[in-house]
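Engineer: What follows is upload37.tsv, TSV, all heavy atoms.
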```
chain	number	residue	atom	x	y	z
A	1	MET	N	0.85	-1.19	0.00
A	1	MET	CA	0.00	0.00	0.00
A	1	MET	C	0.89	1.24	0.00
A	1	MET	O	1.80	1.36	0.79
A	1	MET	CB	-0.88	0.04	1.25
A	1	MET	CG	-1.74	-1.20	1.45
A	1	MET	SD	-3.39	-1.06	0.80
A	1	MET	CE	-4.23	-0.17	2.10
A	2	ALA	N	0.60	2.13	-0.91
A	2	ALA	CA	1.39	3.35	-1.01
A	2	ALA	C	0.49	4.57	-0.92
A	2	ALA	O	-0.57	4.62	-1.53
A	2	ALA	CB	2.15	3.38	-2.32
A	3	LYS	N	0.96	5.49	-0.10
A	3	LYS	CA	0.18	6.72	0.04
A	3	LYS	C	0.44	7.63	-1.16
A	3	LYS	O	1.56	7.78	-1.61
A	3	LYS	CB	0.60	7.42	1.34
A	3	LYS	CG	-0.31	8.55	1.75
A	3	LYS	CD	-0.07	8.87	3.22
A	3	LYS	CE	-0.78	10.11	3.71
A	3	LYS	NZ	-1.91	10.54	2.93
A	4	VAL	N	-0.61	8.20	-1.67
A	4	VAL	CA	-0.50	9.13	-2.80
A	4	VAL	C	-1.20	10.43	-2.43
A	4	VAL	O	-1.82	10.54	-1.37
A	4	VAL	CB	-1.12	8.53	-4.09
A	4	VAL	CG1	-0.36	7.28	-4.51
A	4	VAL	CG2	-2.59	8.21	-3.88
A	5	ALA	N	-1.10	11.39	-3.31
A	5	ALA	CA	-1.77	12.67	-3.05
A	5	ALA	C	-3.28	12.45	-2.96
A	5	ALA	O	-3.84	11.60	-3.65
A	5	ALA	CB	-1.45	13.66	-4.16
A	6	ASP	N	-3.92	13.21	-2.09
A	6	ASP	CA	-5.36	13.08	-1.92
A	6	ASP	C	-6.09	13.27	-3.24
A	6	ASP	O	-5.73	14.12	-4.04
A	6	ASP	CB	-5.88	14.16	-0.94
A	6	ASP	CG	-5.25	14.04	0.42
A	6	ASP	OD1	-4.76	12.95	0.76
A	6	ASP	OD2	-5.27	15.06	1.14
A	7	TYR	N	-7.10	12.46	-3.46
A	7	TYR	CA	-7.92	12.61	-4.67
A	7	TYR	C	-9.33	12.12	-4.39
A	7	TYR	O	-9.58	11.37	-3.46
A	7	TYR	CB	-7.31	11.87	-5.86
A	7	TYR	CG	-7.28	10.36	-5.70
A	7	TYR	CD1	-8.29	9.58	-6.27
A	7	TYR	CD2	-6.26	9.73	-4.99
A	7	TYR	CE1	-8.27	8.19	-6.13
A	7	TYR	CE2	-6.24	8.35	-4.86
A	7	TYR	CZ	-7.25	7.58	-5.43
A	7	TYR	OH	-7.24	6.22	-5.29
A	8	TYR	N	-10.26	12.54	-5.22
A	8	TYR	CA	-11.64	12.11	-5.10
A	8	TYR	C	-12.27	12.07	-6.49
A	8	TYR	O	-11.67	12.55	-7.46
A	8	TYR	CB	-12.42	13.06	-4.17
A	8	TYR	CG	-12.53	14.48	-4.67
A	8	TYR	CD1	-13.65	14.91	-5.38
A	8	TYR	CD2	-11.50	15.38	-4.42
A	8	TYR	CE1	-13.74	16.21	-5.84
A	8	TYR	CE2	-11.59	16.68	-4.88
A	8	TYR	CZ	-12.70	17.10	-5.58
A	8	TYR	OH	-12.79	18.37	-6.04
A	9	SER	N	-13.45	11.49	-6.56
A	9	SER	CA	-14.14	11.37	-7.84
A	9	SER	C	-15.10	12.52	-8.07
A	9	SER	O	-15.76	12.99	-7.14
A	9	SER	CB	-14.93	10.06	-7.88
A	9	SER	OG	-15.81	10.04	-8.98
A	10	VAL	N	-15.20	12.95	-9.32
A	10	VAL	CA	-16.17	14.00	-9.64
A	10	VAL	C	-17.60	13.50	-9.40
A	10	VAL	O	-18.52	14.30	-9.26
A	10	VAL	CB	-16.04	14.48	-11.11
A	10	VAL	CG1	-14.72	15.19	-11.32
A	10	VAL	CG2	-16.21	13.32	-12.07
A	11	ASN	N	-17.77	12.17	-9.36
A	11	ASN	CA	-19.11	11.60	-9.14
A	11	ASN	C	-19.47	11.48	-7.67
A	11	ASN	O	-20.58	11.05	-7.34
A	11	ASN	CB	-19.20	10.21	-9.79
A	11	ASN	CG	-19.07	10.28	-11.29
A	11	ASN	OD1	-19.61	11.20	-11.91
A	11	ASN	ND2	-18.37	9.34	-11.89
A	12	GLU	N	-18.53	11.82	-6.79
A	12	GLU	CA	-18.79	11.74	-5.36
A	12	GLU	C	-20.02	12.56	-4.98
A	12	GLU	O	-20.81	12.19	-4.12
A	12	GLU	CB	-17.56	12.26	-4.59
A	12	GLU	CG	-17.27	11.51	-3.32
A	12	GLU	CD	-16.93	10.05	-3.57
A	12	GLU	OE1	-16.46	9.69	-4.65
A	12	GLU	OE2	-17.17	9.27	-2.65
A	13	VAL	N	-20.18	13.66	-5.67
A	13	VAL	CA	-21.27	14.60	-5.36
A	13	VAL	C	-22.64	13.98	-5.60
A	13	VAL	O	-23.64	14.44	-5.04
A	13	VAL	CB	-21.08	15.90	-6.16
A	13	VAL	CG1	-21.35	15.66	-7.64
A	13	VAL	CG2	-21.93	17.01	-5.62
A	14	SER	N	-22.71	12.91	-6.40
A	14	SER	CA	-24.00	12.28	-6.69
A	14	SER	C	-24.39	11.26	-5.62
A	14	SER	O	-25.49	10.70	-5.65
A	14	SER	CB	-23.96	11.59	-8.06
A	14	SER	OG	-23.04	10.53	-8.04
A	15	LYS	N	-23.46	11.00	-4.67
A	15	LYS	CA	-23.76	10.06	-3.59
A	15	LYS	C	-24.39	10.81	-2.42
A	15	LYS	O	-24.27	12.03	-2.32
A	15	LYS	CB	-22.47	9.39	-3.10
A	15	LYS	CG	-21.74	8.59	-4.16
A	15	LYS	CD	-20.45	8.04	-3.57
A	15	LYS	CE	-19.64	7.28	-4.62
A	15	LYS	NZ	-18.35	6.83	-4.06
A	16	PRO	N	-25.02	10.05	-1.49
A	16	PRO	CA	-25.51	10.69	-0.26
A	16	PRO	C	-24.35	11.36	0.47
A	16	PRO	O	-23.22	10.84	0.43
A	16	PRO	CB	-26.05	9.52	0.57
A	16	PRO	CG	-26.33	8.44	-0.42
A	16	PRO	CD	-25.31	8.62	-1.53
A	17	ALA	N	-24.59	12.48	1.10
A	17	ALA	CA	-23.53	13.27	1.72
A	17	ALA	C	-22.65	12.45	2.66
A	17	ALA	O	-21.43	12.63	2.69
A	17	ALA	CB	-24.12	14.45	2.46
A	18	ASP	N	-23.23	11.51	3.40
A	18	ASP	CA	-22.44	10.75	4.37
A	18	ASP	C	-21.64	9.63	3.71
A	18	ASP	O	-20.91	8.91	4.38
A	18	ASP	CB	-23.33	10.19	5.48
A	18	ASP	CG	-24.38	9.21	4.97
A	18	ASP	OD1	-24.63	9.20	3.75
A	18	ASP	OD2	-24.92	8.46	5.79
A	19	LYS	N	-21.79	9.43	2.41
A	19	LYS	CA	-21.04	8.39	1.69
A	19	LYS	C	-19.89	8.98	0.87
A	19	LYS	O	-19.11	8.25	0.27
A	19	LYS	CB	-21.97	7.64	0.74
A	19	LYS	CG	-23.06	6.84	1.43
A	19	LYS	CD	-22.53	5.49	1.90
A	19	LYS	CE	-23.65	4.54	2.31
A	19	LYS	NZ	-24.31	5.01	3.55
A	20	ARG	N	-19.80	10.27	0.83
A	20	ARG	CA	-18.77	10.92	0.00
A	20	ARG	C	-17.42	10.87	0.70
A	20	ARG	O	-17.31	11.22	1.88
A	20	ARG	CB	-19.15	12.37	-0.26
A	20	ARG	CG	-20.45	12.48	-1.04
A	20	ARG	CD	-20.89	13.91	-1.14
A	20	ARG	NE	-22.27	14.00	-1.65
A	20	ARG	CZ	-23.01	15.10	-1.61
A	20	ARG	NH1	-22.53	16.20	-1.08
A	20	ARG	NH2	-24.23	15.08	-2.09
A	21	VAL	N	-16.40	10.42	0.01
A	21	VAL	CA	-15.07	10.28	0.61
A	21	VAL	C	-13.99	10.70	-0.39
A	21	VAL	O	-14.24	10.80	-1.58
A	21	VAL	CB	-14.79	8.82	1.03
A	21	VAL	CG1	-15.76	8.38	2.11
A	21	VAL	CG2	-14.85	7.89	-0.17
A	22	TYR	N	-12.80	10.90	0.14
A	22	TYR	CA	-11.63	11.09	-0.72
A	22	TYR	C	-10.66	9.94	-0.42
A	22	TYR	O	-10.78	9.27	0.61
A	22	TYR	CB	-10.97	12.45	-0.48
A	22	TYR	CG	-10.25	12.59	0.84
A	22	TYR	CD1	-8.90	12.25	0.97
A	22	TYR	CD2	-10.91	13.07	1.97
A	22	TYR	CE1	-8.23	12.38	2.17
A	22	TYR	CE2	-10.25	13.20	3.18
A	22	TYR	CZ	-8.91	12.85	3.28
A	22	TYR	OH	-8.27	12.97	4.48
A	23	HIS	N	-9.73	9.72	-1.30
A	23	HIS	CA	-8.77	8.62	-1.17
A	23	HIS	C	-7.35	9.16	-1.13
A	23	HIS	O	-7.07	10.25	-1.63
A	23	HIS	CB	-8.91	7.66	-2.35
A	23	HIS	CG	-10.31	7.17	-2.55
A	23	HIS	ND1	-10.84	6.10	-1.89
A	23	HIS	CD2	-11.30	7.65	-3.34
A	23	HIS	CE1	-12.10	5.92	-2.27
A	23	HIS	NE2	-12.40	6.85	-3.15
A	24	ASP	N	-6.43	8.35	-0.57
A	24	ASP	CA	-5.02	8.73	-0.59
A	24	ASP	C	-4.12	7.50	-0.63
A	24	ASP	O	-2.99	7.53	-0.20
A	24	ASP	CB	-4.67	9.63	0.60
A	24	ASP	CG	-4.76	8.91	1.93
A	24	ASP	OD1	-5.18	7.73	1.94
A	24	ASP	OD2	-4.42	9.52	2.94
A	25	ASN	N	-4.67	6.40	-1.19
A	25	ASN	CA	-3.87	5.19	-1.29
A	25	ASN	C	-4.05	4.56	-2.67
A	25	ASN	O	-5.18	4.41	-3.14
A	25	ASN	CB	-4.31	4.19	-0.22
A	25	ASN	CG	-3.29	3.08	-0.06
A	25	ASN	OD1	-3.08	2.28	-0.97
A	25	ASN	ND2	-2.66	3.02	1.09
A	26	ASP	N	-2.94	4.18	-3.30
A	26	ASP	CA	-3.03	3.67	-4.68
A	26	ASP	C	-3.53	2.24	-4.75
A	26	ASP	O	-3.76	1.71	-5.84
A	26	ASP	CB	-1.70	3.83	-5.40
A	26	ASP	CG	-0.59	2.97	-4.80
A	26	ASP	OD1	-0.84	2.28	-3.79
A	26	ASP	OD2	0.52	2.99	-5.35
A	27	GLN	N	-3.68	1.55	-3.60
A	27	GLN	CA	-4.18	0.18	-3.61
A	27	GLN	C	-5.65	0.10	-3.20
A	27	GLN	O	-6.22	-0.99	-3.14
A	27	GLN	CB	-3.35	-0.69	-2.66
A	27	GLN	CG	-1.90	-0.82	-3.10
A	27	GLN	CD	-1.79	-1.48	-4.46
A	27	GLN	OE1	-2.29	-2.57	-4.69
A	27	GLN	NE2	-1.13	-0.80	-5.39
A	28	CYS	N	-6.27	1.21	-2.91
A	28	CYS	CA	-7.67	1.21	-2.49
A	28	CYS	C	-8.55	0.80	-3.68
A	28	CYS	O	-8.48	1.39	-4.75
A	28	CYS	CB	-8.06	2.60	-2.01
A	28	CYS	SG	-9.82	2.75	-1.64
A	29	ARG	N	-9.40	-0.21	-3.49
A	29	ARG	CA	-10.22	-0.70	-4.59
A	29	ARG	C	-11.18	0.37	-5.08
A	29	ARG	O	-11.31	0.59	-6.29
A	29	ARG	CB	-11.00	-1.94	-4.14
A	29	ARG	CG	-11.89	-2.49	-5.25
A	29	ARG	CD	-12.57	-3.75	-4.83
A	29	ARG	NE	-11.62	-4.82	-4.56
A	29	ARG	CZ	-11.98	-6.08	-4.30
A	29	ARG	NH1	-13.25	-6.38	-4.22
A	29	ARG	NH2	-11.07	-6.98	-4.08
A	30	ALA	N	-11.86	1.01	-4.17
A	30	ALA	CA	-12.81	2.05	-4.57
A	30	ALA	C	-12.10	3.18	-5.30
A	30	ALA	O	-12.61	3.73	-6.27
A	30	ALA	CB	-13.55	2.58	-3.35
A	31	GLY	N	-10.89	3.50	-4.82
A	31	GLY	CA	-10.14	4.57	-5.45
A	31	GLY	C	-9.66	4.19	-6.84
A	31	GLY	O	-9.71	4.99	-7.76
A	32	ARG	N	-9.24	2.91	-6.99
A	32	ARG	CA	-8.76	2.47	-8.30
A	32	ARG	C	-9.89	2.37	-9.33
A	32	ARG	O	-9.63	2.37	-10.53
A	32	ARG	CB	-8.07	1.10	-8.17
A	32	ARG	CG	-6.73	1.19	-7.47
A	32	ARG	CD	-5.95	-0.10	-7.58
A	32	ARG	NE	-6.74	-1.25	-7.11
A	32	ARG	CZ	-6.26	-2.48	-7.05
A	32	ARG	NH1	-5.03	-2.73	-7.41
A	32	ARG	NH2	-7.02	-3.47	-6.62
A	33	ASP	N	-11.12	2.24	-8.85
A	33	ASP	CA	-12.27	2.16	-9.76
A	33	ASP	C	-12.62	3.51	-10.36
A	33	ASP	O	-13.43	3.59	-11.28
A	33	ASP	CB	-13.49	1.62	-9.01
A	33	ASP	CG	-13.43	0.11	-8.84
A	33	ASP	OD1	-12.58	-0.52	-9.51
A	33	ASP	OD2	-14.22	-0.44	-8.06
A	34	ILE	N	-12.02	4.56	-9.84
A	34	ILE	CA	-12.30	5.90	-10.38
A	34	ILE	C	-11.44	6.12	-11.62
A	34	ILE	O	-10.21	6.12	-11.52
A	34	ILE	CB	-11.98	6.99	-9.34
A	34	ILE	CG1	-12.74	6.73	-8.04
A	34	ILE	CG2	-12.34	8.38	-9.92
A	34	ILE	CD1	-12.33	7.67	-6.91
A	35	PRO	N	-12.05	6.29	-12.78
A	35	PRO	CA	-11.26	6.55	-13.99
A	35	PRO	C	-10.42	7.81	-13.81
A	35	PRO	O	-10.86	8.76	-13.12
A	35	PRO	CB	-12.31	6.75	-15.08
A	35	PRO	CG	-13.54	6.10	-14.55
A	35	PRO	CD	-13.48	6.27	-13.06
A	36	LYS	N	-9.25	7.81	-14.43
A	36	LYS	CA	-8.34	8.96	-14.29
A	36	LYS	C	-9.02	10.29	-14.60
A	36	LYS	O	-8.82	11.28	-13.92
A	36	LYS	CB	-7.14	8.78	-15.23
A	36	LYS	CG	-6.11	7.80	-14.74
A	36	LYS	CD	-5.29	8.38	-13.61
A	36	LYS	CE	-4.23	7.38	-13.13
A	36	LYS	NZ	-3.65	7.76	-11.83
A	37	HIS	N	-9.82	10.28	-15.66
A	37	HIS	CA	-10.43	11.55	-16.07
A	37	HIS	C	-11.53	12.02	-15.12
A	37	HIS	O	-12.04	13.11	-15.25
A	37	HIS	CB	-10.95	11.46	-17.50
A	37	HIS	CG	-12.16	10.57	-17.65
A	37	HIS	ND1	-12.05	9.21	-17.81
A	37	HIS	CD2	-13.48	10.84	-17.64
A	37	HIS	CE1	-13.29	8.70	-17.90
A	37	HIS	NE2	-14.16	9.66	-17.80
A	38	GLU	N	-11.92	11.13	-14.16
A	38	GLU	CA	-12.93	11.53	-13.17
A	38	GLU	C	-12.29	11.85	-11.83
A	38	GLU	O	-13.00	12.15	-10.87
A	38	GLU	CB	-13.97	10.42	-13.01
A	38	GLU	CG	-14.83	10.24	-14.25
A	38	GLU	CD	-15.86	9.13	-14.10
A	38	GLU	OE1	-15.94	8.54	-13.01
A	38	GLU	OE2	-16.57	8.87	-15.08
A	39	GLN	N	-10.97	11.75	-11.75
A	39	GLN	CA	-10.28	12.05	-10.49
A	39	GLN	C	-9.97	13.54	-10.40
A	39	GLN	O	-9.62	14.17	-11.40
A	39	GLN	CB	-8.97	11.27	-10.39
A	39	GLN	CG	-9.17	9.77	-10.23
A	39	GLN	CD	-7.86	9.03	-10.11
A	39	GLN	OE1	-6.81	9.60	-9.85
A	39	GLN	NE2	-7.91	7.72	-10.31
A	40	ARG	N	-10.12	14.04	-9.20
A	40	ARG	CA	-9.75	15.43	-8.93
A	40	ARG	C	-8.83	15.45	-7.73
A	40	ARG	O	-9.02	14.68	-6.78
A	40	ARG	CB	-10.99	16.28	-8.63
A	40	ARG	CG	-11.92	16.44	-9.84
A	40	ARG	CD	-11.27	17.22	-10.96
A	40	ARG	NE	-12.13	17.35	-12.12
A	40	ARG	CZ	-12.18	16.48	-13.12
A	40	ARG	NH1	-11.40	15.40	-13.10
A	40	ARG	NH2	-12.99	16.66	-14.14
A	41	LYS	N	-7.82	16.31	-7.74
A	41	LYS	CA	-6.89	16.39	-6.63
A	41	LYS	C	-7.54	17.07	-5.43
A	41	LYS	O	-8.38	17.95	-5.60
A	41	LYS	CB	-5.65	17.19	-7.04
A	41	LYS	CG	-4.81	16.48	-8.09
A	41	LYS	CD	-3.50	17.21	-8.34
A	41	LYS	CE	-2.73	16.58	-9.49
A	41	LYS	NZ	-2.49	15.13	-9.25
A	42	GLY	N	-7.12	16.62	-4.24
A	42	GLY	CA	-7.61	17.25	-3.03
A	42	GLY	C	-8.61	16.37	-2.29
A	42	GLY	O	-8.78	15.19	-2.63
A	43	GLN	N	-9.25	16.94	-1.30
A	43	GLN	CA	-10.17	16.18	-0.46
A	43	GLN	C	-11.63	16.50	-0.77
A	43	GLN	O	-12.53	15.79	-0.30
A	43	GLN	CB	-9.88	16.47	1.02
A	43	GLN	CG	-8.45	16.11	1.41
A	43	GLN	CD	-8.16	16.35	2.88
A	43	GLN	OE1	-8.99	16.90	3.61
A	43	GLN	NE2	-6.97	15.96	3.31
A	44	GLY	N	-11.88	17.54	-1.49
A	44	GLY	CA	-13.24	17.88	-1.87
A	44	GLY	C	-14.15	18.21	-0.70
A	44	GLY	O	-15.36	18.29	-0.88
A	45	GLY	N	-13.56	18.34	0.48
A	45	GLY	CA	-14.38	18.60	1.67
A	45	GLY	C	-15.03	17.34	2.21
A	45	GLY	O	-15.94	17.42	3.05
A	46	TYR	N	-14.58	16.16	1.72
A	46	TYR	CA	-15.20	14.90	2.12
A	46	TYR	C	-14.41	14.22	3.23
A	46	TYR	O	-13.31	14.63	3.57
A	46	TYR	CB	-15.29	13.96	0.92
A	46	TYR	CG	-15.98	14.55	-0.27
A	46	TYR	CD1	-15.51	14.35	-1.56
A	46	TYR	CD2	-17.13	15.32	-0.11
A	46	TYR	CE1	-16.15	14.89	-2.66
A	46	TYR	CE2	-17.77	15.87	-1.19
A	46	TYR	CZ	-17.28	15.65	-2.47
A	46	TYR	OH	-17.91	16.19	-3.55
A	47	ARG	N	-14.99	13.11	3.75
A	47	ARG	CA	-14.31	12.33	4.77
A	47	ARG	C	-13.23	11.46	4.12
A	47	ARG	O	-13.27	11.20	2.94
A	47	ARG	CB	-15.30	11.40	5.50
A	47	ARG	CG	-16.31	12.10	6.37
A	47	ARG	CD	-17.21	11.08	7.08
A	47	ARG	NE	-17.82	10.14	6.14
A	47	ARG	CZ	-17.50	8.86	6.03
A	47	ARG	NH1	-16.57	8.34	6.81
A	47	ARG	NH2	-18.12	8.09	5.16
A	48	HIS	N	-12.31	10.96	4.96
A	48	HIS	CA	-11.29	10.05	4.47
A	48	HIS	C	-11.92	8.68	4.23
A	48	HIS	O	-12.68	8.20	5.05
A	48	HIS	CB	-10.15	9.95	5.50
A	48	HIS	CG	-8.98	9.18	5.02
A	48	HIS	ND1	-8.19	8.45	5.86
A	48	HIS	CD2	-8.48	9.02	3.78
A	48	HIS	CE1	-7.23	7.87	5.15
A	48	HIS	NE2	-7.38	8.19	3.88
A	49	CYS	N	-11.59	8.05	3.12
A	49	CYS	CA	-12.08	6.71	2.78
A	49	CYS	C	-11.68	5.70	3.86
A	49	CYS	O	-10.55	5.69	4.31
A	49	CYS	CB	-11.50	6.32	1.44
A	49	CYS	SG	-11.66	4.59	1.05
A	50	ASN	N	-12.59	4.82	4.26
A	50	ASN	CA	-12.29	3.83	5.28
A	50	ASN	C	-11.27	2.81	4.84
A	50	ASN	O	-10.61	2.20	5.68
A	50	ASN	CB	-13.59	3.10	5.69
A	50	ASN	CG	-14.52	3.96	6.50
A	50	ASN	OD1	-14.07	4.85	7.23
A	50	ASN	ND2	-15.80	3.73	6.36
A	51	ASP	N	-11.16	2.55	3.56
A	51	ASP	CA	-10.25	1.52	3.05
A	51	ASP	C	-8.86	2.04	2.77
A	51	ASP	O	-7.95	1.26	2.53
A	51	ASP	CB	-10.81	0.91	1.77
A	51	ASP	CG	-12.10	0.15	2.04
A	51	ASP	OD1	-12.23	-0.41	3.14
A	51	ASP	OD2	-12.97	0.12	1.15
A	52	CYS	N	-8.68	3.32	2.74
A	52	CYS	CA	-7.37	3.89	2.45
A	52	CYS	C	-6.47	3.85	3.70
A	52	CYS	O	-6.95	3.89	4.79
A	52	CYS	CB	-7.49	5.33	1.99
A	52	CYS	SG	-7.94	5.49	0.24
A	101	ZN	ZN	-10.08	4.76	-0.60
```
Could you express the structure from this file as structure tokens?
Structural biologist:
Amino acid sequence: MAKVADYYSVNEVSKPADKRVYHDNDQCRAGRDIPKHEQRKGQGGYRHCNDC
């Protein structure tokens, strides 16, 4: 597991507010499922992903 710069999905906003998260690990399954073009740098004001 490697820590990377914080990122989140542009589609996070379509989820319920309490489900929105950002990621910071390159091995996180949910994070890897986000296509590159849908990733945005930063935390987006969301919680930290539980799997990261
Ligand atoms: Zn994650």
Engineer: Taking 5 positions as the minimum chain separation for residues in the same chain, which residues sit within 5 Å of A:Ala2 when counting all atoms listed in the file? Answer as a PyMOL selection string.
Structural biologist: chain A and resi 24-27
Engineer: Smallest atom-to-atom distance to A:Val21: which of A:Met1, A:Lys36, A:Tyr8, A:Asp51, using all heavy atoms?
Structural biologist: A:Tyr8
Engineer: Between atom NH2 of A:Arg29 and atom CG of A:Gln43, what is the spacing in Å?
Structural biologist: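 Distance reported for this atom pair: 23.9 Å.
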Engineer: Can you tell me which residues surround A:Val10 at a distance of at most 6 Å, considering all heavy atoms, apart from same-chain residues fewer than 3 positions away, and format the answer as a ChimeraX atom specification?
Structural biologist: /A:13-14,34,37-40
Engineer: Could you go through chain A and tell me which residues DSSP, when run on the backbone, assigns to strand (DSSP E), listing them as a list in words?
Structural biologist: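 Restricting chain A to strand (DSSP E) produces Lys3, Val4, Ala5, Asp6, Tyr7, Tyr8, Ser9, Val21, Tyr22, His23, Asp24, Asn25, Gln39, Arg40, Lys41, Arg47 and His48 of chain A.
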Engineer: Would you list the residues that come within 5 Å of ligand ZN 101 (chain A)? Count all atoms listed in the file and give the answer as an MDAnalysis selection string.
Structural biologist: chainID A and resid 22:23 28 30:31 49 51:52
